[in-house]
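Let me begin by presenting the structure, written as C-alpha cells, before commenting on it.
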Amino acid sequence: MGIRIKTKEQIEGIRKSCQLAAKTLKYLEQYVIEGNTTDFINQKAHEFIIENNAIPAPLNYNKFPKSICTSVNDVVCHGVPNNYILKSGDILNIDITTILNGYYGDTCRMYEVGEISRESKNLIETTKECLKIGIKECYPGNYFGNIGYEINKYAVKNNYSVVYEFCGHGVGVAFHEEPEVCHIAEKNSGKKMREGMIFTIEPMINEGKARTKIDRNDGWTARTIDGKLSAQFEHTILITSNGCELLTDLYGDF
Ligand code: MF3
Ligand code: CO
Ligand code: CO
C-alpha cells in the first residue's frame, strides 16, 4: 500500500486533532501532583477529550482498558493507569491519542512530580533533545533511517540506550499507519520522506539496558528489563514542501 500522502482536507482534520491532543497534555499539568493516582489522571483526560467532541484512541484499542497511557519511572511505554499514587521524585510520561472527526493526533511528554533527581532531569533533557534531533531530519527527500541514525548517535554519546522494540509510525487516518519510524537505524536507509506524509517520532531512552518486558498481569505495561529509568517524548509531524510542521507542539519549545 505504501505511505499515505494526505490530502489538504485530511491535513486540516489531523491538525485539529493534534492540537486537541497537545491541549490535553497541557490541561493535565495541574493533576500531575503528589498523592494523585494515574487512574485519576486518566479520568480527567477522558472527560476533557469527550468534552471536546473527540474520542480517546487507546480505549478498547486491541483491548487496551484505559483512555491514555501513563508510564512512571521504569515504565518505558503503554503504562496502564491504575491505583498507583504519584510521589515526589517520580517521572511520568503521559501519552495522548485523540480521534476528532475521524482524524488521529498522537503526542506524549514527561512530567516531574515534586522534586526529581539530577539524574532524572538529565535523562528527560536528553530524551527531549533526541526528539529535536529527529525532527531536524524531517524534510522531503531525506531517508526515514536518518531519524533513528541521528537519535541513536546522540543517545549513545550521552551514555543512554535507545529502545528498539517500539517505534514511531505513520498516523492521521488510522492510529498506526506505514511507515515504522525506528529510533535506531542505518544512515540513508528506508523510504524517503515526501510532502504530505504525517508520522510520529517518539524516542524512548533508557538509563540502563535497552530491552523491555511486558507486565504479565495487565499485558501492556512495558518496563525496562533492569528496573532503571526510561523517558519519552512524541510529536506528530507533517512533511511540508521545504521541511516539516510539528502538529502537536503547543508549548513552542521544540
Ligand atoms: N500512543 C501510543 C503511540 O504513541 C500507542 C498507545 S497504544 C495503547 O503509538 F493501546 F497502548 F494505547
Ligand atoms: Co505514537
Ligand atoms: Co503516542
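Ligands are numbered from 1 in the order shown, chains are lettered A, B, ... in the order of the C-alpha cells, and residues start at 1 in each chain.
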
Please tabulate, as a Markdown table, the residues of stretch 50-141 of chain A that come within 7 Å of stretch 157-174 of chain A, each with its closest pair of atoms and the distance in Å to one decimal, counting only C-alpha atoms and ordering rows by chain, then residue number upward.
```
| residue | atom | partner | partner_atom | distance |
| --- | --- | --- | --- | --- |
| A:Tyr103 | CA | A:Val173 | CA | 5.4 |
| A:Tyr104 | CA | A:Gly172 | CA | 4.5 |
| A:Gly105 | CA | A:Gly172 | CA | 6.4 |
```

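Taking only C-alpha atoms, the non-local environment of A:Ile133 within 8 Å (same-chain residues fewer than 5 positions away omitted) comprises A:Ile147, A:Glu150, A:Ile151.
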
Response to the item:
Of A:Phe175, A:Phe48, A:Tyr27, A:Trp220, the one sitting nearest ligand 2 when using only C-alpha atoms and all ligand atoms is A:Phe175

Can I get the residues of chain A within 9 Å of ligand 1, each with the closest pair of atoms and their distance in Å to one decimal, using only C-alpha atoms and all ligand atoms, sorted chain first then ascending number, as a tab-separated table?
```
residue	atom	partner	partner_atom_place_in_ligand_line	distance
A:Pro56	CA	ligand 1	12 (F)	8.9
A:Ala57	CA	ligand 1	12 (F)	6.9
A:Pro58	CA	ligand 1	12 (F)	3.6
A:Leu59	CA	ligand 1	12 (F)	6.8
A:Asn60	CA	ligand 1	10 (F)	7.5
A:Tyr61	CA	ligand 1	10 (F)	5.2
A:Asn62	CA	ligand 1	10 (F)	6.4
A:Lys63	CA	ligand 1	10 (F)	7.5
A:Phe64	CA	ligand 1	10 (F)	4.9
A:Pro65	CA	ligand 1	10 (F)	8.1
A:Lys66	CA	ligand 1	12 (F)	7.6
A:Ser67	CA	ligand 1	12 (F)	7.2
A:Ile68	CA	ligand 1	12 (F)	6.2
A:Cys69	CA	ligand 1	12 (F)	6.0
A:Cys77	CA	ligand 1	2 (C)	7.8
A:His78	CA	ligand 1	11 (F)	4.5
A:Gly79	CA	ligand 1	11 (F)	7.4
A:Val80	CA	ligand 1	11 (F)	7.6
A:Asp95	CA	ligand 1	1 (N)	5.4
A:Ile96	CA	ligand 1	1 (N)	6.0
A:Thr97	CA	ligand 1	1 (N)	5.5
A:Asp106	CA	ligand 1	1 (N)	5.9
A:Thr107	CA	ligand 1	4 (O)	6.7
A:Cys108	CA	ligand 1	4 (O)	7.3
A:Phe166	CA	ligand 1	9 (O)	8.3
A:Cys167	CA	ligand 1	9 (O)	7.6
A:Gly168	CA	ligand 1	9 (O)	6.6
A:His169	CA	ligand 1	9 (O)	7.1
A:Val171	CA	ligand 1	9 (O)	8.9
A:Phe175	CA	ligand 1	9 (O)	7.4
A:His176	CA	ligand 1	9 (O)	7.0
A:Thr200	CA	ligand 1	4 (O)	7.5
A:Ile201	CA	ligand 1	4 (O)	8.5
A:Glu202	CA	ligand 1	4 (O)	6.7
A:Trp220	CA	ligand 1	11 (F)	6.8
A:Thr221	CA	ligand 1	11 (F)	8.3
A:Glu234	CA	ligand 1	4 (O)	7.0
A:His235	CA	ligand 1	4 (O)	8.9
```

Could the residues in this selection be written to a file with C-alpha atoms, as a PDB file, in the first residue's frame?
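Contents of the output file result_20.pdb:
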```pdb
ATOM      1  CA  PRO A  56      -9.540   8.758  23.278  1.00  0.00           C
ATOM      2  CA  ALA A  57      -7.998   6.361  20.746  1.00  0.00           C
ATOM      3  CA  PRO A  58      -6.366   3.944  23.240  1.00  0.00           C
ATOM      4  CA  LEU A  59      -9.684   2.976  24.923  1.00  0.00           C
ATOM      5  CA  ASN A  60     -10.506  -0.568  23.711  1.00  0.00           C
ATOM      6  CA  TYR A  61      -7.706  -0.413  21.097  1.00  0.00           C
ATOM      7  CA  ASN A  62      -6.530  -4.054  20.959  1.00  0.00           C
ATOM      8  CA  LYS A  63      -8.283  -4.432  24.342  1.00  0.00           C
ATOM      9  CA  PHE A  64      -6.312  -1.582  25.997  1.00  0.00           C
ATOM     10  CA  PRO A  65      -8.542  -0.841  29.047  1.00  0.00           C
ATOM     11  CA  LYS A  66      -7.975   2.920  29.567  1.00  0.00           C
ATOM     12  CA  SER A  67      -8.099   6.235  27.680  1.00  0.00           C
ATOM     13  CA  ILE A  68      -4.434   7.273  27.965  1.00  0.00           C
ATOM     14  CA  CYS A  69      -1.039   5.741  28.743  1.00  0.00           C
ATOM     15  CA  CYS A  77       5.560   2.969  27.410  1.00  0.00           C
ATOM     16  CA  HIS A  78       1.940   1.705  27.359  1.00  0.00           C
ATOM     17  CA  GLY A  79       1.612   2.102  31.122  1.00  0.00           C
ATOM     18  CA  VAL A  80      -1.977   1.252  32.085  1.00  0.00           C
ATOM     19  CA  ASP A  95       0.695   9.710  26.008  1.00  0.00           C
ATOM     20  CA  ILE A  96      -2.478  11.089  24.416  1.00  0.00           C
ATOM     21  CA  THR A  97      -4.042   9.997  21.154  1.00  0.00           C
ATOM     22  CA  ASP A 106      -0.673  11.466  18.868  1.00  0.00           C
ATOM     23  CA  THR A 107       1.725  13.118  21.347  1.00  0.00           C
ATOM     24  CA  CYS A 108       3.445  12.473  24.659  1.00  0.00           C
ATOM     25  CA  PHE A 166       8.702   0.170  19.960  1.00  0.00           C
ATOM     26  CA  CYS A 167       8.792   2.661  17.064  1.00  0.00           C
ATOM     27  CA  GLY A 168       7.204   5.810  15.718  1.00  0.00           C
ATOM     28  CA  HIS A 169       4.603   5.367  12.971  1.00  0.00           C
ATOM     29  CA  VAL A 171      -0.649   8.411  11.749  1.00  0.00           C
ATOM     30  CA  PHE A 175      -3.781   5.033  14.724  1.00  0.00           C
ATOM     31  CA  HIS A 176      -0.801   3.163  13.297  1.00  0.00           C
ATOM     32  CA  THR A 200       5.282  10.361  14.735  1.00  0.00           C
ATOM     33  CA  ILE A 201       8.766  10.356  16.210  1.00  0.00           C
ATOM     34  CA  GLU A 202       8.655   9.072  19.803  1.00  0.00           C
ATOM     35  CA  TRP A 220       0.524  -3.872  28.269  1.00  0.00           C
ATOM     36  CA  THR A 221       2.814  -2.009  30.663  1.00  0.00           C
ATOM     37  CA  GLU A 234       6.439  12.275  20.974  1.00  0.00           C
ATOM     38  CA  HIS A 235       5.246  14.629  18.272  1.00  0.00           C
TER      39      HIS A 235
END
```

What's around A:Met204 at 12 Å? Count only C-alpha atoms, leave out sequence neighbours fewer than 3 positions away in its own chain, and write the answer as a tab-separated table (two decimals) with N, CA, C and O atoms, in the first residue's frame.
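Okay, this is what ended up in selection-v2.tsv:
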```
chain	number	residue	atom	x	y	z
A	71	SER	N	3.08	6.30	32.06
A	71	SER	CA	4.27	5.47	32.25
A	71	SER	C	5.20	6.11	33.28
A	71	SER	O	5.80	7.15	33.01
A	74	ASP	N	10.39	3.41	35.69
A	74	ASP	CA	10.99	2.38	34.82
A	74	ASP	C	10.02	1.88	33.76
A	74	ASP	O	10.37	1.00	32.98
A	75	VAL	N	8.80	2.46	33.70
A	75	VAL	CA	7.88	2.07	32.63
A	75	VAL	C	8.27	2.82	31.36
A	75	VAL	O	8.39	4.04	31.35
A	76	VAL	N	8.51	2.05	30.30
A	76	VAL	CA	9.01	2.59	29.03
A	76	VAL	C	7.86	3.21	28.24
A	76	VAL	O	7.98	4.31	27.71
A	77	CYS	N	6.74	2.48	28.14
A	77	CYS	CA	5.56	2.97	27.41
A	77	CYS	C	4.38	2.07	27.70
A	77	CYS	O	4.53	1.03	28.35
A	78	HIS	N	3.18	2.48	27.24
A	78	HIS	CA	1.94	1.70	27.36
A	78	HIS	C	1.58	1.40	28.81
A	78	HIS	O	0.92	0.38	29.08
A	93	ASN	N	5.40	9.81	32.15
A	93	ASN	CA	5.06	10.13	30.76
A	93	ASN	C	3.56	9.95	30.58
A	93	ASN	O	2.98	8.96	31.02
A	108	CYS	N	3.18	12.74	23.24
A	108	CYS	CA	3.44	12.47	24.66
A	108	CYS	C	4.59	13.33	25.17
A	108	CYS	O	5.40	13.85	24.39
A	109	ARG	N	4.65	13.51	26.49
A	109	ARG	CA	5.73	14.28	27.11
A	109	ARG	C	5.97	13.79	28.54
A	109	ARG	O	5.17	13.02	29.08
A	110	MET	N	7.06	14.27	29.13
A	110	MET	CA	7.41	13.90	30.50
A	110	MET	C	6.93	14.98	31.48
A	110	MET	O	6.91	16.16	31.16
A	123	LEU	N	18.15	12.69	32.10
A	123	LEU	CA	17.52	11.72	31.19
A	123	LEU	C	16.39	12.40	30.41
A	123	LEU	O	16.28	12.23	29.19
A	124	ILE	N	15.58	13.19	31.10
A	124	ILE	CA	14.46	13.87	30.44
A	124	ILE	C	14.98	14.87	29.39
A	124	ILE	O	14.50	14.91	28.25
A	126	THR	N	17.88	14.88	27.81
A	126	THR	CA	18.50	14.19	26.67
A	126	THR	C	17.42	13.59	25.76
A	126	THR	O	17.56	13.61	24.53
A	127	THR	N	16.36	13.06	26.35
A	127	THR	CA	15.30	12.45	25.55
A	127	THR	C	14.60	13.51	24.70
A	127	THR	O	14.30	13.29	23.52
A	128	LYS	N	14.37	14.68	25.30
A	128	LYS	CA	13.76	15.79	24.57
A	128	LYS	C	14.66	16.21	23.40
A	128	LYS	O	14.19	16.45	22.29
A	129	GLU	N	15.96	16.27	23.68
A	129	GLU	CA	16.94	16.62	22.65
A	129	GLU	C	16.93	15.56	21.53
A	129	GLU	O	17.06	15.92	20.35
A	130	CYS	N	16.76	14.30	21.89
A	130	CYS	CA	16.69	13.23	20.88
A	130	CYS	C	15.53	13.47	19.92
A	130	CYS	O	15.68	13.31	18.70
A	131	LEU	N	14.38	13.87	20.46
A	131	LEU	CA	13.24	14.15	19.58
A	131	LEU	C	13.55	15.35	18.69
A	131	LEU	O	13.29	15.33	17.49
A	148	GLY	N	16.45	7.78	13.01
A	148	GLY	CA	16.98	6.86	14.02
A	148	GLY	C	18.50	6.89	14.11
A	148	GLY	O	19.06	6.73	15.19
A	151	ILE	N	19.32	10.03	16.18
A	151	ILE	CA	18.84	9.89	17.57
A	151	ILE	C	19.75	8.94	18.35
A	151	ILE	O	20.22	9.24	19.45
A	152	ASN	N	20.02	7.79	17.77
A	152	ASN	CA	20.86	6.79	18.46
A	152	ASN	C	22.27	7.32	18.72
A	152	ASN	O	22.82	7.14	19.81
A	155	ALA	N	22.09	9.68	21.71
A	155	ALA	CA	21.78	8.98	22.97
A	155	ALA	C	23.01	8.21	23.46
A	155	ALA	O	23.36	8.28	24.65
A	160	TYR	N	23.33	6.71	27.16
A	160	TYR	CA	22.00	6.12	27.31
A	160	TYR	C	21.78	5.09	26.20
A	160	TYR	O	22.55	5.04	25.24
A	161	SER	N	20.72	4.30	26.35
A	161	SER	CA	20.38	3.35	25.28
A	161	SER	C	19.01	3.68	24.71
A	161	SER	O	18.17	4.30	25.36
A	162	VAL	N	18.80	3.26	23.46
A	162	VAL	CA	17.57	3.56	22.72
A	162	VAL	C	16.72	2.29	22.61
A	162	VAL	O	17.22	1.24	22.19
A	163	VAL	N	15.46	2.41	23.00
A	163	VAL	CA	14.53	1.28	22.90
A	163	VAL	C	14.26	1.00	21.42
A	163	VAL	O	13.95	1.92	20.66
A	164	TYR	N	14.41	-0.28	21.03
A	164	TYR	CA	14.20	-0.64	19.61
A	164	TYR	C	12.95	-1.51	19.42
A	164	TYR	O	12.57	-1.82	18.31
A	165	GLU	N	12.30	-1.89	20.55
A	165	GLU	CA	11.13	-2.77	20.45
A	165	GLU	C	9.83	-2.01	20.17
A	165	GLU	O	8.81	-2.62	19.86
A	166	PHE	N	9.86	-0.67	20.29
A	166	PHE	CA	8.70	0.17	19.96
A	166	PHE	C	9.19	1.30	19.06
A	166	PHE	O	10.28	1.82	19.28
A	167	CYS	N	8.36	1.68	18.07
A	167	CYS	CA	8.79	2.66	17.06
A	167	CYS	C	7.75	3.76	16.89
A	167	CYS	O	6.61	3.62	17.32
A	168	GLY	N	8.17	4.83	16.21
A	168	GLY	CA	7.20	5.81	15.72
A	168	GLY	C	6.47	5.20	14.52
A	168	GLY	O	6.77	4.09	14.10
A	182	CYS	N	11.78	3.98	13.12
A	182	CYS	CA	12.62	3.41	14.18
A	182	CYS	C	13.55	4.46	14.75
A	182	CYS	O	13.98	5.37	14.05
A	183	HIS	N	13.87	4.30	16.02
A	183	HIS	CA	14.73	5.29	16.69
A	183	HIS	C	16.19	4.86	16.72
A	183	HIS	O	17.03	5.54	17.31
A	184	ILE	N	16.47	3.69	16.11
A	184	ILE	CA	17.84	3.28	15.78
A	184	ILE	C	17.77	2.82	14.34
A	184	ILE	O	16.89	2.01	14.01
A	201	ILE	N	7.46	10.76	15.69
A	201	ILE	CA	8.77	10.36	16.21
A	201	ILE	C	8.56	10.32	17.72
A	201	ILE	O	8.00	11.27	18.29
A	207	GLU	N	18.15	4.72	30.86
A	207	GLU	CA	19.38	4.89	31.65
A	207	GLU	C	20.28	3.67	31.54
A	207	GLU	O	21.50	3.79	31.53
A	208	GLY	N	19.69	2.50	31.54
A	208	GLY	CA	20.45	1.25	31.53
A	208	GLY	C	20.29	0.52	30.21
A	208	GLY	O	20.49	1.09	29.15
A	209	LYS	N	19.91	-0.75	30.29
A	209	LYS	CA	19.77	-1.58	29.09
A	209	LYS	C	18.55	-1.18	28.25
A	209	LYS	O	17.58	-0.66	28.78
A	210	ALA	N	18.61	-1.46	26.96
A	210	ALA	CA	17.54	-1.06	26.04
A	210	ALA	C	16.32	-1.97	26.12
A	210	ALA	O	15.20	-1.55	25.84
A	211	ARG	N	16.55	-3.24	26.52
A	211	ARG	CA	15.48	-4.25	26.50
A	211	ARG	C	14.32	-3.91	27.43
A	211	ARG	O	14.49	-3.32	28.49
A	212	THR	N	13.12	-4.35	27.02
A	212	THR	CA	11.91	-4.14	27.82
A	212	THR	C	11.22	-5.49	28.07
A	212	THR	O	11.49	-6.46	27.38
A	222	ALA	N	5.02	-1.78	29.61
A	222	ALA	CA	6.37	-2.22	29.23
A	222	ALA	C	7.38	-1.55	30.14
A	222	ALA	O	7.45	-0.32	30.21
A	223	ARG	N	8.17	-2.37	30.85
A	223	ARG	CA	9.19	-1.85	31.77
A	223	ARG	C	10.59	-2.15	31.27
A	223	ARG	O	10.78	-3.09	30.49
A	224	THR	N	11.56	-1.38	31.76
A	224	THR	CA	12.96	-1.70	31.45
A	224	THR	C	13.28	-3.03	32.11
A	224	THR	O	12.79	-3.33	33.21
A	229	LEU	N	15.53	3.83	34.90
A	229	LEU	CA	14.56	4.80	34.39
A	229	LEU	C	14.50	4.83	32.86
A	229	LEU	O	15.47	4.55	32.17
A	230	SER	N	13.32	5.27	32.35
A	230	SER	CA	13.12	5.47	30.92
A	230	SER	C	12.32	6.74	30.72
A	230	SER	O	11.48	7.09	31.55
A	231	ALA	N	12.57	7.46	29.62
A	231	ALA	CA	11.81	8.67	29.31
A	231	ALA	C	11.41	8.67	27.84
A	231	ALA	O	12.02	7.97	27.01
A	232	GLN	N	10.37	9.46	27.51
A	232	GLN	CA	9.88	9.52	26.13
A	232	GLN	C	9.21	10.86	25.84
A	232	GLN	O	8.53	11.42	26.70
A	233	PHE	N	9.42	11.36	24.62
A	233	PHE	CA	8.65	12.49	24.08
A	233	PHE	C	8.16	12.09	22.70
A	233	PHE	O	8.84	11.33	21.99
A	234	GLU	N	7.00	12.61	22.29
A	234	GLU	CA	6.44	12.27	20.97
A	234	GLU	C	5.75	13.48	20.35
A	234	GLU	O	5.01	14.20	21.02
```

Practice prompt. Check stretch 13-221 of chain A with DSSP on the backbone and list each residue it calls strand (DSSP E), as a VMD selection string.
Written response: chain A and resid 55 to 56 69 to 72 75 to 77 91 to 100 103 to 112 161 to 162 168 to 170 177 to 181 198 to 201 204 to 206 212 to 214

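Checking A:Glu180, A:Ile239, A:Gly219, A:Tyr251 one by one against A:Met197, counting only C-alpha atoms, you find the shortest gap at A:Ile239.
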
Item to complete: Would you please work out which residue, of A:Thr7, A:Asn188, A:Thr98, A:Asn146, is nearest to ligand 2 when using only C-alpha atoms and all ligand atoms?
Response: A:Thr98

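Minimum distance to ligand 2 across A:Pro203, A:Pro81, A:Gly227, A:Gly89 (counting only C-alpha atoms and all ligand atoms) occurs at A:Pro203.
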
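Picture a line from atom CA of A:Thr248 to atom CA of A:Tyr143; it runs 22.1 Å.
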
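Across A:Glu137, A:Glu195, A:Glu186, A:Glu177, the tightest approach to A:Thr240 is made by A:Glu195 when counting only C-alpha atoms.
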
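Residue nearest A:Glu178 within the list A:Lys213, A:Lys16, A:Lys191, A:Lys23: A:Lys191 [criterion: smallest interatomic distance, only C-alpha atoms].
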
Discussion item. When you look at A:Val32 with a cut-off of 9 Å (counting only C-alpha atoms), what residues show up, excluding the ones that are within fewer than 3 positions of it in the same chain? I need them as a PyMOL selection string.
Written reply: chain A and resi 28-29+35-38+41+86+92+111-113

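Atom to atom, atom CA of A:Ile11 and atom CA of A:Cys244 stand 12.7 Å apart.
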
Fill in: Which of stretch 7-232 of chain A fall in helix (DSSP H, G or I), as a count of residues only
73

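For the atom pair formed by atom CA of A:Tyr31 and atom CA of A:Glu47, the distance is 13.2 Å, given to one decimal.
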